[in-house]
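J.: This one is input.cif, mmCIF, C-alpha atoms and all ligand atoms.
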data_structure
#
loop_
_atom_site.label_atom_id
_atom_site.label_comp_id
_atom_site.auth_asym_id
_atom_site.auth_seq_id
_atom_site.Cartn_x
_atom_site.Cartn_y
_atom_site.Cartn_z
CA MET A 44 0.00 0.00 0.00
CA THR A 45 1.41 3.34 -0.98
CA ASP A 46 -1.67 5.52 -0.53
CA ASP A 47 -0.45 6.94 2.75
CA ILE A 48 2.78 8.27 1.28
CA TYR A 49 2.40 11.99 0.94
CA TYR A 50 5.11 14.29 -0.35
CA ASP A 51 4.97 17.90 -1.38
CA PRO A 52 7.82 20.36 -1.44
CA TYR A 53 5.69 23.17 0.04
CA ASP A 54 4.92 21.50 3.36
CA TYR A 55 7.19 22.92 6.09
CA GLU A 56 6.85 19.86 8.27
CA ILE A 57 7.94 17.47 5.51
CA ASP A 58 10.66 19.89 4.45
CA ALA A 59 12.16 19.82 7.96
CA ASP A 60 13.03 16.14 7.47
CA PRO A 61 12.02 14.67 4.12
CA HIS A 62 14.39 11.70 4.38
CA PRO A 63 11.92 9.16 5.86
CA ILE A 64 9.30 9.94 3.23
CA TRP A 65 11.88 9.98 0.43
CA GLN A 66 13.06 6.55 1.57
CA ARG A 67 9.52 5.21 1.39
CA MET A 68 9.10 6.75 -2.05
CA ARG A 69 12.32 5.11 -3.28
CA ASP A 70 11.22 1.74 -1.91
CA GLU A 71 7.46 1.77 -2.43
CA ALA A 72 6.61 4.48 -4.97
CA PRO A 73 9.64 5.16 -7.19
CA LEU A 74 7.30 7.02 -9.51
CA TYR A 75 5.29 9.08 -7.06
CA ARG A 76 2.15 10.99 -8.03
CA ASN A 77 0.90 14.13 -6.26
CA GLU A 78 -2.62 15.00 -7.48
CA LYS A 79 -2.96 18.19 -5.45
CA TYR A 80 -0.07 19.94 -7.16
CA ASP A 81 -0.16 17.85 -10.33
CA PHE A 82 3.34 16.47 -10.40
CA TRP A 83 5.21 13.18 -10.54
CA ALA A 84 8.45 12.59 -8.65
CA LEU A 85 11.49 10.39 -9.23
CA SER A 86 13.44 9.65 -6.07
CA ARG A 87 15.92 6.85 -6.92
CA PHE A 88 19.50 7.70 -7.84
CA GLN A 89 19.42 5.87 -11.17
CA ASP A 90 16.12 7.44 -12.20
CA VAL A 91 17.38 10.95 -11.37
CA VAL A 92 20.56 10.27 -13.35
CA GLY A 93 18.63 8.91 -16.35
CA ALA A 94 16.22 11.86 -16.43
CA SER A 95 19.01 14.44 -15.97
CA LEU A 96 20.92 12.99 -18.90
CA ASP A 97 17.83 12.79 -21.14
CA ASP A 98 17.30 16.53 -21.43
CA ARG A 99 15.48 16.19 -24.76
CA THR A 100 12.65 14.35 -23.00
CA PHE A 101 12.90 16.07 -19.60
CA SER A 102 12.64 19.72 -20.59
CA SER A 103 13.79 22.70 -18.52
CA ALA A 104 12.16 25.18 -20.89
CA TYR A 105 8.92 25.47 -18.89
CA GLY A 106 10.89 26.38 -15.76
CA THR A 107 12.59 24.14 -13.21
CA VAL A 108 10.76 25.43 -10.15
CA LEU A 109 7.36 23.79 -9.77
CA GLU A 110 5.37 26.91 -8.87
CA LEU A 111 6.90 28.90 -11.72
CA MET A 112 6.12 26.35 -14.42
CA GLY A 113 3.65 27.38 -17.08
CA ASP A 114 1.94 25.60 -19.97
CA GLU A 115 4.01 27.45 -22.54
CA PRO A 116 7.81 27.37 -22.81
CA ASN A 117 9.04 30.38 -20.87
CA THR A 118 10.83 33.21 -22.59
CA SER A 119 13.48 33.72 -19.91
CA PRO A 120 16.96 34.06 -21.32
CA MET A 121 18.35 32.27 -18.23
CA MET A 122 20.07 29.16 -19.52
CA ILE A 123 18.86 27.08 -16.57
CA PHE A 124 15.36 27.52 -18.10
CA ARG A 125 16.35 26.75 -21.71
CA ASP A 126 16.73 23.58 -23.72
CA ARG A 127 19.14 22.84 -26.53
CA PRO A 128 20.14 24.44 -28.86
CA GLU A 129 19.69 27.85 -27.10
CA HIS A 130 21.07 26.44 -23.88
CA THR A 131 24.27 25.26 -25.57
CA GLN A 132 24.89 28.69 -27.07
CA LEU A 133 24.38 30.55 -23.83
CA ARG A 134 26.39 28.06 -21.83
CA LYS A 135 29.30 28.26 -24.28
CA LEU A 136 29.31 32.01 -24.07
CA VAL A 137 29.35 32.28 -20.29
CA SER A 138 31.65 29.30 -19.74
CA ARG A 139 34.46 31.29 -21.30
CA ALA A 140 34.08 34.00 -18.66
CA PHE A 141 33.54 31.41 -15.96
CA SER A 142 36.90 29.84 -16.65
CA PRO A 143 38.83 27.61 -14.22
CA ARG A 144 41.53 30.31 -14.22
CA ARG A 145 39.11 32.97 -13.04
CA ILE A 146 37.62 30.71 -10.39
CA ALA A 147 40.95 29.44 -9.05
CA ALA A 148 42.24 33.00 -8.92
CA LEU A 149 39.45 33.82 -6.48
CA GLU A 150 40.84 31.62 -3.70
CA PRO A 151 42.92 34.33 -1.97
CA GLN A 152 39.95 36.75 -2.03
CA ILE A 153 37.57 34.11 -0.68
CA ARG A 154 40.03 33.26 2.06
CA GLU A 155 40.52 36.89 2.94
CA LEU A 156 36.77 37.44 3.19
CA ALA A 157 36.33 34.29 5.28
CA CYS A 158 39.18 35.29 7.60
CA ARG A 159 37.78 38.78 8.01
CA TYR A 160 34.30 37.57 9.03
CA LEU A 161 35.57 34.77 11.27
CA ASP A 162 38.34 36.78 12.97
CA GLU A 163 35.69 39.20 14.22
CA GLN A 164 34.14 36.32 16.14
CA VAL A 165 37.24 34.93 17.83
CA GLY A 166 36.75 35.31 21.60
CA SER A 167 33.06 36.26 21.19
CA GLY A 168 31.83 32.98 22.66
CA GLY A 169 29.34 32.51 19.86
CA PHE A 170 27.67 33.96 16.76
CA ASP A 171 25.11 33.21 14.11
CA TYR A 172 27.08 31.10 11.68
CA LEU A 173 24.80 31.98 8.78
CA ALA A 174 23.84 35.61 9.35
CA ASP A 175 27.36 36.60 10.39
CA PHE A 176 29.26 34.41 7.98
CA GLY A 177 27.70 31.73 5.77
CA ALA A 178 25.11 33.92 4.05
CA LYS A 179 27.47 36.86 3.61
CA LEU A 180 30.37 35.00 2.08
CA PRO A 181 28.77 33.82 -1.21
CA VAL A 182 27.15 37.19 -1.94
CA MET A 183 30.48 38.90 -1.48
CA VAL A 184 32.23 36.27 -3.59
CA ILE A 185 29.84 36.61 -6.54
CA SER A 186 29.78 40.36 -6.18
CA SER A 187 33.56 40.48 -6.22
CA LEU A 188 33.64 38.05 -9.16
CA LEU A 189 31.43 40.51 -11.03
CA GLY A 190 33.35 43.49 -9.67
CA VAL A 191 30.39 45.07 -7.77
CA PRO A 192 31.47 47.85 -5.35
CA GLU A 193 31.51 46.75 -1.72
CA GLU A 194 29.08 49.42 -0.50
CA ASP A 195 26.33 48.02 -2.76
CA ARG A 196 26.67 44.40 -1.72
CA ASP A 197 24.28 44.47 1.27
CA ASP A 198 21.44 45.61 -1.00
CA ILE A 199 22.17 42.74 -3.33
CA GLN A 200 22.06 40.31 -0.42
CA ARG A 201 18.63 41.64 0.67
CA TRP A 202 17.08 41.48 -2.79
CA THR A 203 18.47 38.02 -3.43
CA ASP A 204 17.02 36.69 -0.15
CA ALA A 205 13.63 38.25 -0.89
CA LEU A 206 13.61 36.79 -4.38
CA LEU A 207 13.90 33.25 -3.09
CA HIS A 208 11.61 33.46 -0.08
CA ARG A 209 8.29 31.62 -0.20
CA ASP A 210 5.53 31.60 2.44
CA GLU A 211 4.08 28.25 3.48
CA GLY A 212 1.75 26.90 0.81
CA GLU A 213 2.46 29.86 -1.47
CA GLN A 214 2.09 28.82 -5.06
CA ASP A 215 2.08 31.91 -7.20
CA MET A 216 5.30 33.77 -6.68
CA ARG A 217 5.37 35.52 -10.01
CA ARG A 218 4.13 38.95 -8.79
CA HIS A 219 6.40 38.97 -5.78
CA HIS A 220 9.31 37.96 -8.00
CA GLU A 221 8.61 40.74 -10.42
CA LYS A 222 8.94 43.57 -7.89
CA VAL A 223 12.18 42.49 -6.24
CA GLY A 224 13.55 41.32 -9.56
CA GLN A 225 13.09 44.82 -10.94
CA GLN A 226 15.18 46.33 -8.16
CA LEU A 227 18.04 43.91 -8.81
CA TRP A 228 17.63 44.31 -12.54
CA GLY A 229 17.76 48.12 -12.28
CA TYR A 230 20.89 48.00 -10.20
CA PHE A 231 22.73 45.71 -12.59
CA ALA A 232 21.53 47.55 -15.69
CA ARG A 233 23.25 50.68 -14.36
CA TYR A 234 26.28 48.61 -13.44
CA VAL A 235 26.63 46.98 -16.89
CA GLU A 236 26.41 50.41 -18.46
CA SER A 237 29.24 51.73 -16.32
CA ARG A 238 31.41 48.67 -16.99
CA ARG A 239 30.89 49.06 -20.73
CA LYS A 240 32.42 52.51 -20.45
CA SER A 241 35.35 51.39 -18.30
CA PRO A 242 36.34 47.74 -18.85
CA ARG A 243 38.42 45.97 -16.22
CA ASP A 244 39.95 42.56 -15.56
CA ASP A 245 36.80 41.02 -14.14
CA MET A 246 34.09 38.61 -15.16
CA MET A 247 31.68 41.37 -16.13
CA THR A 248 34.12 42.63 -18.73
CA ASP A 249 34.72 39.05 -19.97
CA LEU A 250 30.97 38.63 -20.33
CA LEU A 251 30.60 41.88 -22.21
CA GLU A 252 33.34 40.89 -24.62
CA ALA A 253 32.70 37.15 -25.02
CA GLU A 254 31.85 36.04 -28.56
CA ILE A 255 30.78 32.73 -29.99
CA ASP A 256 30.83 31.39 -33.52
CA LEU A 257 27.38 30.47 -34.76
CA ASP A 258 26.63 27.58 -37.13
CA ASP A 259 26.04 30.01 -40.00
CA GLY A 260 29.60 31.36 -39.71
CA THR A 261 28.62 34.61 -37.94
CA LYS A 262 29.64 35.57 -34.42
CA ARG A 263 27.56 36.96 -31.65
CA ARG A 264 27.83 38.48 -28.17
CA LEU A 265 25.39 38.39 -25.26
CA THR A 266 22.57 40.90 -25.55
CA ASP A 267 22.00 43.22 -22.57
CA VAL A 268 18.94 41.23 -21.55
CA GLU A 269 20.89 37.95 -21.68
CA LEU A 270 23.73 39.48 -19.73
CA LEU A 271 21.47 40.83 -17.01
CA SER A 272 19.61 37.55 -16.79
CA PHE A 273 22.87 35.71 -16.39
CA ILE A 274 23.88 37.99 -13.53
CA GLY A 275 20.49 37.37 -11.93
CA LEU A 276 20.99 33.65 -12.40
CA LEU A 277 24.43 33.74 -10.78
CA SER A 278 23.10 35.55 -7.73
CA GLY A 279 20.08 33.29 -7.53
CA ALA A 280 21.94 30.04 -8.11
CA GLY A 281 25.15 30.85 -6.31
CA ASN A 282 24.20 32.66 -3.11
CA GLU A 283 21.41 30.73 -1.47
CA THR A 284 22.89 27.35 -2.33
CA VAL A 285 26.33 28.02 -0.85
CA ALA A 286 24.76 29.61 2.25
CA ARG A 287 22.69 26.44 2.72
CA LEU A 288 25.78 24.25 2.25
CA LEU A 289 27.55 26.20 5.00
CA GLY A 290 24.49 25.92 7.25
CA TRP A 291 24.52 22.15 6.75
CA MET A 292 28.22 22.17 7.49
CA ALA A 293 27.81 23.98 10.83
CA THR A 294 24.91 21.78 11.95
CA THR A 295 26.09 18.43 10.60
CA LEU A 296 29.63 18.70 11.97
CA ALA A 297 28.18 19.70 15.37
CA ARG A 298 25.96 16.61 15.26
CA PHE A 299 28.89 14.36 14.40
CA PRO A 300 31.86 15.64 16.44
CA THR A 301 33.99 12.57 15.65
CA GLN A 302 33.76 13.41 11.96
CA ARG A 303 34.58 17.04 12.70
CA ARG A 304 37.67 15.96 14.63
CA LYS A 305 38.89 14.00 11.62
CA LEU A 306 38.79 17.17 9.53
CA VAL A 307 40.54 19.21 12.23
CA GLU A 308 43.30 16.61 12.52
CA ASP A 309 43.72 16.15 8.79
CA PRO A 310 42.53 19.13 6.70
CA ALA A 311 43.41 17.17 3.53
CA LYS A 312 40.11 15.35 4.21
CA ILE A 313 38.10 18.57 3.87
CA PRO A 314 37.42 18.34 0.08
CA GLY A 315 36.03 14.82 0.64
CA GLY A 316 34.00 16.22 3.54
CA VAL A 317 32.45 18.82 1.23
CA GLU A 318 31.34 16.08 -1.20
CA GLU A 319 29.88 14.05 1.65
CA LEU A 320 27.98 17.08 2.91
CA LEU A 321 26.59 17.73 -0.57
CA ARG A 322 25.44 14.11 -0.78
CA TYR A 323 24.09 13.91 2.77
CA GLU A 324 22.04 17.13 2.74
CA ALA A 325 21.67 18.47 -0.79
CA PRO A 326 21.26 22.27 -0.60
CA SER A 327 19.17 22.19 -3.80
CA PRO A 328 17.22 18.94 -3.50
CA VAL A 329 14.44 19.32 -6.07
CA GLN A 330 14.70 20.07 -9.82
CA ALA A 331 11.52 20.22 -11.89
CA ARG A 332 11.13 19.16 -15.53
CA ARG A 333 8.33 18.78 -18.09
CA LEU A 334 7.96 15.88 -20.48
CA THR A 335 8.30 16.74 -24.16
CA ARG A 336 6.68 13.43 -25.17
CA GLU A 337 4.69 10.56 -23.76
CA LEU A 338 6.94 8.35 -21.67
CA GLU A 339 6.64 5.05 -19.83
CA LEU A 340 8.22 5.02 -16.38
CA HIS A 341 7.92 2.23 -13.82
CA GLY A 342 5.10 0.67 -15.81
CA GLU A 343 3.06 3.88 -16.00
CA LYS A 344 2.38 5.86 -19.19
CA LEU A 345 2.96 9.55 -18.51
CA PRO A 346 1.45 11.98 -21.02
CA GLU A 347 3.44 14.64 -22.80
CA GLY A 348 3.49 17.80 -20.68
CA SER A 349 3.65 15.95 -17.34
CA ARG A 350 5.54 17.80 -14.63
CA ILE A 351 8.24 15.69 -12.94
CA LEU A 352 10.34 16.48 -9.91
CA LEU A 353 13.83 15.00 -9.86
CA LEU A 354 14.62 14.55 -6.17
CA THR A 355 18.39 14.94 -6.14
CA GLY A 356 18.26 15.19 -2.34
CA SER A 357 16.69 11.74 -2.18
CA ALA A 358 19.13 10.29 -4.74
CA GLY A 359 22.00 11.07 -2.34
CA ARG A 360 20.43 8.77 0.26
CA ASP A 361 19.64 5.86 -2.05
CA ASP A 362 21.02 2.59 -0.69
CA ARG A 363 21.03 1.24 -4.24
CA GLU A 364 23.94 3.63 -4.84
CA TYR A 365 25.56 4.25 -1.43
CA ASP A 366 26.33 1.86 1.43
CA ASP A 367 24.58 2.80 4.63
CA PRO A 368 23.52 6.16 3.11
CA ASP A 369 22.15 7.68 6.32
CA ARG A 370 25.63 7.51 7.88
CA PHE A 371 27.58 10.76 7.58
CA ASP A 372 31.20 9.82 6.89
CA VAL A 373 33.76 12.36 5.73
CA GLU A 374 36.03 9.51 4.61
CA ARG A 375 33.41 7.91 2.39
CA LYS A 376 34.63 7.20 -1.13
CA ILE A 377 32.11 8.98 -3.30
CA ASP A 378 32.46 8.27 -7.01
CA ARG A 379 29.55 10.46 -7.97
CA HIS A 380 26.54 12.32 -6.66
CA VAL A 381 23.83 14.43 -8.26
CA SER A 382 23.68 17.28 -5.75
CA LEU A 383 25.24 19.64 -8.29
CA GLY A 384 23.02 18.33 -11.06
CA LEU A 385 24.10 16.26 -14.05
CA GLY A 386 24.07 16.47 -17.83
CA VAL A 387 23.83 19.68 -19.83
CA HIS A 388 22.61 21.73 -16.85
CA PHE A 389 25.36 20.49 -14.50
CA CYS A 390 26.08 23.32 -12.06
CA LEU A 391 28.15 25.97 -13.80
CA GLY A 392 29.42 27.13 -10.42
CA ALA A 393 30.42 23.67 -9.17
CA SER A 394 34.11 24.45 -8.83
CA LEU A 395 33.32 27.77 -7.15
CA ALA A 396 30.89 26.07 -4.76
CA ARG A 397 33.52 23.47 -3.87
CA LEU A 398 36.17 26.16 -3.42
CA GLU A 399 33.95 28.27 -1.15
CA GLY A 400 32.94 25.20 0.84
CA ARG A 401 36.52 24.07 1.32
CA VAL A 402 37.91 27.48 2.30
CA ALA A 403 34.99 28.17 4.65
CA ILE A 404 35.49 24.87 6.47
CA GLU A 405 39.27 25.23 6.61
CA GLU A 406 39.09 28.70 8.13
CA THR A 407 36.24 27.80 10.49
CA LEU A 408 37.99 24.72 11.90
CA ARG A 409 41.27 26.59 12.21
CA ARG A 410 39.64 29.05 14.63
CA PHE A 411 36.82 26.99 16.10
CA PRO A 412 37.72 23.29 16.23
CA GLU A 413 34.60 22.66 18.33
CA TRP A 414 31.19 24.30 18.70
CA ASP A 415 27.65 23.57 19.80
CA VAL A 416 24.54 24.65 17.96
CA VAL A 417 21.80 26.44 19.94
CA TRP A 418 19.19 24.24 18.34
CA ASP A 419 16.07 25.97 19.66
CA GLU A 420 17.24 29.25 18.17
CA THR A 421 17.94 27.88 14.70
CA GLU A 422 15.64 29.00 11.90
CA TRP A 423 14.78 27.40 8.63
CA VAL A 424 14.72 28.97 5.17
CA HIS A 425 11.65 28.14 3.11
CA THR A 426 11.98 28.15 -0.61
CA SER A 427 11.13 25.38 -3.00
CA THR A 428 14.55 25.49 -4.65
CA VAL A 429 16.89 25.30 -1.69
CA ARG A 430 16.56 23.52 1.65
CA GLY A 431 18.36 24.26 4.89
CA TYR A 432 18.92 26.71 7.69
CA ALA A 433 18.55 30.49 7.66
CA LYS A 434 19.93 30.95 11.17
CA VAL A 435 22.44 28.75 13.02
CA PRO A 436 23.55 30.26 16.35
CA ILE A 437 26.68 28.49 17.61
CA ARG A 438 28.56 28.58 20.93
CA PHE A 439 32.13 27.56 21.58
C1 LIG A 501 26.61 24.26 -2.88
C2 LIG A 501 26.34 25.10 -3.82
C3 LIG A 501 25.57 24.79 -5.08
C4 LIG A 501 24.66 23.80 -5.32
C5 LIG A 501 24.20 22.70 -4.38
C6 LIG A 501 24.22 23.96 -6.70
C7 LIG A 501 23.34 23.11 -7.34
C8 LIG A 501 22.99 23.20 -8.66
C9 LIG A 501 22.15 22.26 -9.35
C10 LIG A 501 21.51 21.02 -8.73
C11 LIG A 501 22.04 22.66 -10.65
C12 LIG A 501 21.27 21.96 -11.77
C13 LIG A 501 19.88 22.52 -11.91
C14 LIG A 501 19.05 21.78 -12.92
O1 LIG A 501 19.45 20.71 -13.38
O2 LIG A 501 17.96 22.26 -13.23
C15 LIG A 501 22.80 23.90 -10.77
C16 LIG A 501 22.89 24.64 -11.93
C17 LIG A 501 23.51 25.88 -11.98
N1 LIG A 501 24.29 26.44 -10.99
FE1 LIG A 501 24.68 25.70 -9.17
N2 LIG A 501 24.83 25.05 -7.24
C18 LIG A 501 25.67 25.59 -6.29
C19 LIG A 501 26.48 26.69 -6.44
C20 LIG A 501 26.52 27.49 -7.54
C21 LIG A 501 27.34 28.66 -7.69
C22 LIG A 501 28.34 29.17 -6.64
C23 LIG A 501 27.04 29.21 -8.91
C24 LIG A 501 27.58 30.42 -9.59
C25 LIG A 501 28.27 31.32 -9.08
C26 LIG A 501 26.07 28.34 -9.53
C27 LIG A 501 25.53 28.56 -10.78
C28 LIG A 501 24.73 27.65 -11.44
C29 LIG A 501 24.21 27.89 -12.79
C30 LIG A 501 24.47 29.11 -13.64
C31 LIG A 501 23.46 26.77 -13.11
C32 LIG A 501 22.69 26.52 -14.42
C33 LIG A 501 23.54 25.73 -15.36
C34 LIG A 501 22.86 25.41 -16.69
O3 LIG A 501 21.63 25.52 -16.79
O4 LIG A 501 23.57 25.03 -17.62
N3 LIG A 501 25.78 27.32 -8.69
N4 LIG A 501 23.38 24.18 -9.55
#
Any chance you could give the structure as structure tokens?
Ligand code: HEM
T.:
Amino acid sequence: MTDDIYYDPYDYEIDADPHPIWQRMRDEAPLYRNEKYDFWALSRFQDVVGASLDDRTFSSAYGTVLELMGDEPNTSPMMIFRDRPEHTQLRKLVSRAFSPRRIAALEPQIRELACRYLDEQVGSGGFDYLADFGAKLPVMVISSLLGVPEEDRDDIQRWTDALLHRDEGEQDMRRHHEKVGQQLWGYFARYVESRRKSPRDDMMTDLLEAEIDLDDGTKRRLTDVELLSFIGLLSGAGNETVARLLGWMATTLARFPTQRRKLVEDPAKIPGGVEELLRYEAPSPVQARRLTRELELHGEKLPEGSRILLLTGSAGRDDREYDDPDRFDVERKIDRHVSLGLGVHFCLGASLARLEGRVAIEETLRRFPEWDVVWDETEWVHTSTVRGYAKVPIRF
């Protein structure tokens, strides 16, 4: 009997700990149906992998956030919401600016930012790991990647948070999105204009100058609208996710002090620890898709147009892929996970996310090898795209 399995990504209670229900879905209802919100869900590792790689059938062009999906392909120039061939073009263009050289070169700046925030807390006895550190770091990193002046970065943080917030049960976020989006958009439009006039050695300038060869032999650059959308996408995709990763880091290492000690004693284990954290509590656990054709899955015929959630957060806990998946083990050998996506939409910022995660943990453990979380003062962030803490007060 699977009738009593109920999953929806809008329910705060389920969101607080979806792992038991995801396990039942993997075992008893690998193709889950939610009538209320009209979606299907795939929860097993292999199914999430298969769907992520079959992007011609599992379309992103109607949006990848359930409540933002429409019946028509959306017109957003954000590549995360495009299918091939437009996606390939946009991705090629921005990948040049998002080069490994530019990302690796950020390490000293990321470390300096991390040291600055964390040094302020040495001797304080405790602080809010997210508000005072984890949520600030990624905004500053992306802002510095783009070259945004420091005095404007708090505004960007506020708008980005507001853009991703969702009240319990809230379905239609389009109007709310529009207003805050316009503020961010206006800011960056002015910023792009000023960078056009005075180019520098930063990603914004790379993006303004990047060109790709088209099939017909012509070249093209990003339009202003594409450029602004890409900046919006970077803030949206890169800030909240890294903040959630750092929240999971602070809480999970406090829950498993033996694992934390291993990282303190041997910092070379930290990169592996970041992968394990991503697997164990995926910061972005749900990706939505729409079927471009009729498809049979687990013996069921799904019509064209069906909305399907790929539960990457559940895939990380699938015992068909990982031994004893509910055990958090920083020494686990992880060949692969899907917490950064897979296939054509694989996270563009993956190496930046890993770099920020590693530096944040290194600098945290260097100053605070042990801490406790004040659990009854923690707060949760509620959006349908990311999952994790908004507030993590710690004491040491
Ligand atoms: C721990 C941190 C992060 C997590 C867990 C994460 C997760 C993901 C996931 C799951 C996807 C695939 C979405 C899909 O298939 O629909 C994705 C795509 C993407 N991510 Fe990340 N991300 C993180 C950090 C970042 C950062 C730091 C940036 C940029 C600065 C970034 C930029 C992007 C972009 C642009 C895409 C869209 C790629 C495309 O459509 O081709 N992400 N991310």
J.: To box segment 391-398 of chain A, take all atoms listed in the file, fit an axis-aligned box, add 8 Å on each side, and give centre and edge lengths in Å to one decimal, as AutoDock Vina command-line options.
T.:
--center_x 32.2 --center_y 25.6 --center_z -8.6 --size_x 24.0 --size_y 20.3 --size_z 26.4
J.: Please, what distance in Å, to one decimal, runs between atom CA of Lys305 of chain A and atom CA of Glu319 of chain A?
T.: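 Between atom CA of Lys305 of chain A and atom CA of Glu319 of chain A the gap works out to 13.4 Å.
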J.: By how many Å are atom CA of Asp309 of chain A and atom C5 of ligand LIG 501 (chain A) apart?
T.: 24.4 Å
J.: Please, which residues in chain A fall within 6 Å of ligand LIG 501 (chain A) when counting all atoms listed in the file, and what is the closest atom pair and distance in Å to one decimal for each, ordered by chain then residue number, as CSV?
T.:
residue,atom,partner,partner_atom,distance
A:Thr107,CA,A:LIG501,O2,5.7
A:Met122,CA,A:LIG501,O3,4.8
A:Ile123,CA,A:LIG501,O3,3.2
A:Arg134,CA,A:LIG501,O4,5.9
A:Leu276,CA,A:LIG501,C30,5.9
A:Leu277,CA,A:LIG501,C24,4.7
A:Ala280,CA,A:LIG501,C26,4.7
A:Gly281,CA,A:LIG501,C21,3.4
A:Thr284,CA,A:LIG501,C2,4.4
A:Val285,CA,A:LIG501,C2,4.2
A:Leu288,CA,A:LIG501,C1,5.2
A:Pro326,CA,A:LIG501,C5,4.8
A:Ser327,CA,A:LIG501,C5,5.1
A:Gln330,CA,A:LIG501,O2,5.2
A:Ser382,CA,A:LIG501,C10,5.3
A:Leu383,CA,A:LIG501,C10,4.0
A:Gly384,CA,A:LIG501,C10,3.9
A:Val387,CA,A:LIG501,O4,5.8
A:His388,CA,A:LIG501,O4,3.5
A:Phe389,CA,A:LIG501,C12,5.1
A:Cys390,CA,A:LIG501,C16,3.5
A:Leu391,CA,A:LIG501,C28,4.5
A:Gly392,CA,A:LIG501,C23,3.5
A:Ala393,CA,A:LIG501,C19,5.7
A:Leu395,CA,A:LIG501,C22,5.2
A:Ala396,CA,A:LIG501,C22,4.4
J.: Kindly extract all protein, DNA and RNA residues lying within 8 Å of the coordinates (26.9, 14.2, -1.5) given in the file, considering all atoms listed in the file, and supply them as a tab-separated table (two decimals) with C-alpha atoms, in the frame of the given file.
T.:
chain	number	residue	atom	x	y	z
A	317	VAL	CA	32.45	18.82	1.23
A	318	GLU	CA	31.34	16.08	-1.20
A	319	GLU	CA	29.88	14.05	1.65
A	320	LEU	CA	27.98	17.08	2.91
A	321	LEU	CA	26.59	17.73	-0.57
A	322	ARG	CA	25.44	14.11	-0.78
A	323	TYR	CA	24.09	13.91	2.77
A	324	GLU	CA	22.04	17.13	2.74
A	325	ALA	CA	21.67	18.47	-0.79
A	359	GLY	CA	22.00	11.07	-2.34
A	377	ILE	CA	32.11	8.98	-3.30
A	379	ARG	CA	29.55	10.46	-7.97
A	380	HIS	CA	26.54	12.32	-6.66
A	381	VAL	CA	23.83	14.43	-8.26
A	382	SER	CA	23.68	17.28	-5.75
J.: Closest to Val417 of chain A among A:Asp171, A:Asp362, A:Asp81, A:Asp267, using only C-alpha atoms?
T.: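 The answer is A:Asp171, which sits nearest to Val417 of chain A.
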J.: Figure out the distance between atom CA of Arg201 of chain A and atom CA of Ser237 of chain A, please, to one decimal in Å.
T.: 22.4 Å
J.: Compile the contact shell of Phe101 of chain A as a list in words: residues with an atom at most 9 Å away, counting all atoms listed in the file, same-chain residues fewer than 4 positions apart removed.
T.: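 What passes the distance filter is Ala94, Ser95, Leu96, Asp97, Ala331, Arg332, Arg333, Leu334, Thr335, Arg336 and Ile351 of chain A.
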J.: Which one of A:Leu250, A:Val91, A:Met292, A:Ala286 sits closest to Asp175 of chain A if you count all atoms listed in the file?
T.: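 Answer, going by the shortest atom-to-atom distance: A:Ala286.
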J.: Can you tell me which residues surround Gly431 of chain A at a distance of at most 7 Å, considering all atoms listed in the file, apart from same-chain residues fewer than 2 positions away, and format the answer as number ranges by chain?
T.: A: 287, 290-291, 326, 423-424, 429, 433
J.: Of the candidates A:Pro346, A:Arg87, A:Leu188, A:Phe299, which shows the shortest atom-to-atom distance to Arg145 of chain A, using only C-alpha atoms?
T.: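 Ranked by minimum distance to Arg145 of chain A, first place goes to A:Leu188.
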J.: Dump as number ranges by chain all residues having an atom at most 6 Å from (29.5, 36.6, -25.3), computed in the file's coordinates with only C-alpha atoms.
T.: A: 136, 250, 252-254, 264-265
J.: Go ahead and write the residues just picked, C-alpha atoms, as a tab-separated table (two decimals), in the coordinates of the input.
T.:
chain	number	residue	atom	x	y	z
A	136	LEU	CA	29.31	32.01	-24.07
A	250	LEU	CA	30.97	38.63	-20.33
A	252	GLU	CA	33.34	40.89	-24.62
A	253	ALA	CA	32.70	37.15	-25.02
A	254	GLU	CA	31.85	36.04	-28.56
A	264	ARG	CA	27.83	38.48	-28.17
A	265	LEU	CA	25.39	38.39	-25.26
J.: Which one is closest to Arg99 of chain A: A:Asp126, A:Glu374, A:Glu422, A:Asp195? Count all atoms listed in the file.
T.: A:Asp126
J.: Which of these, A:Val435, A:Ile274, A:Ala174, A:Ala358, has the shortest distance to Tyr230 of chain A once you count only C-alpha atoms?
T.: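 Closest to Tyr230 of chain A, using only C-alpha atoms: A:Ile274.
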J.: Using only C-alpha atoms, find the one residue out of A:Ile48, A:Leu296, A:Leu408, A:Ile57 that sits nearest to Glu71 of chain A.
T.: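 Using only C-alpha atoms, Glu71 of chain A sits closest to A:Ile48.
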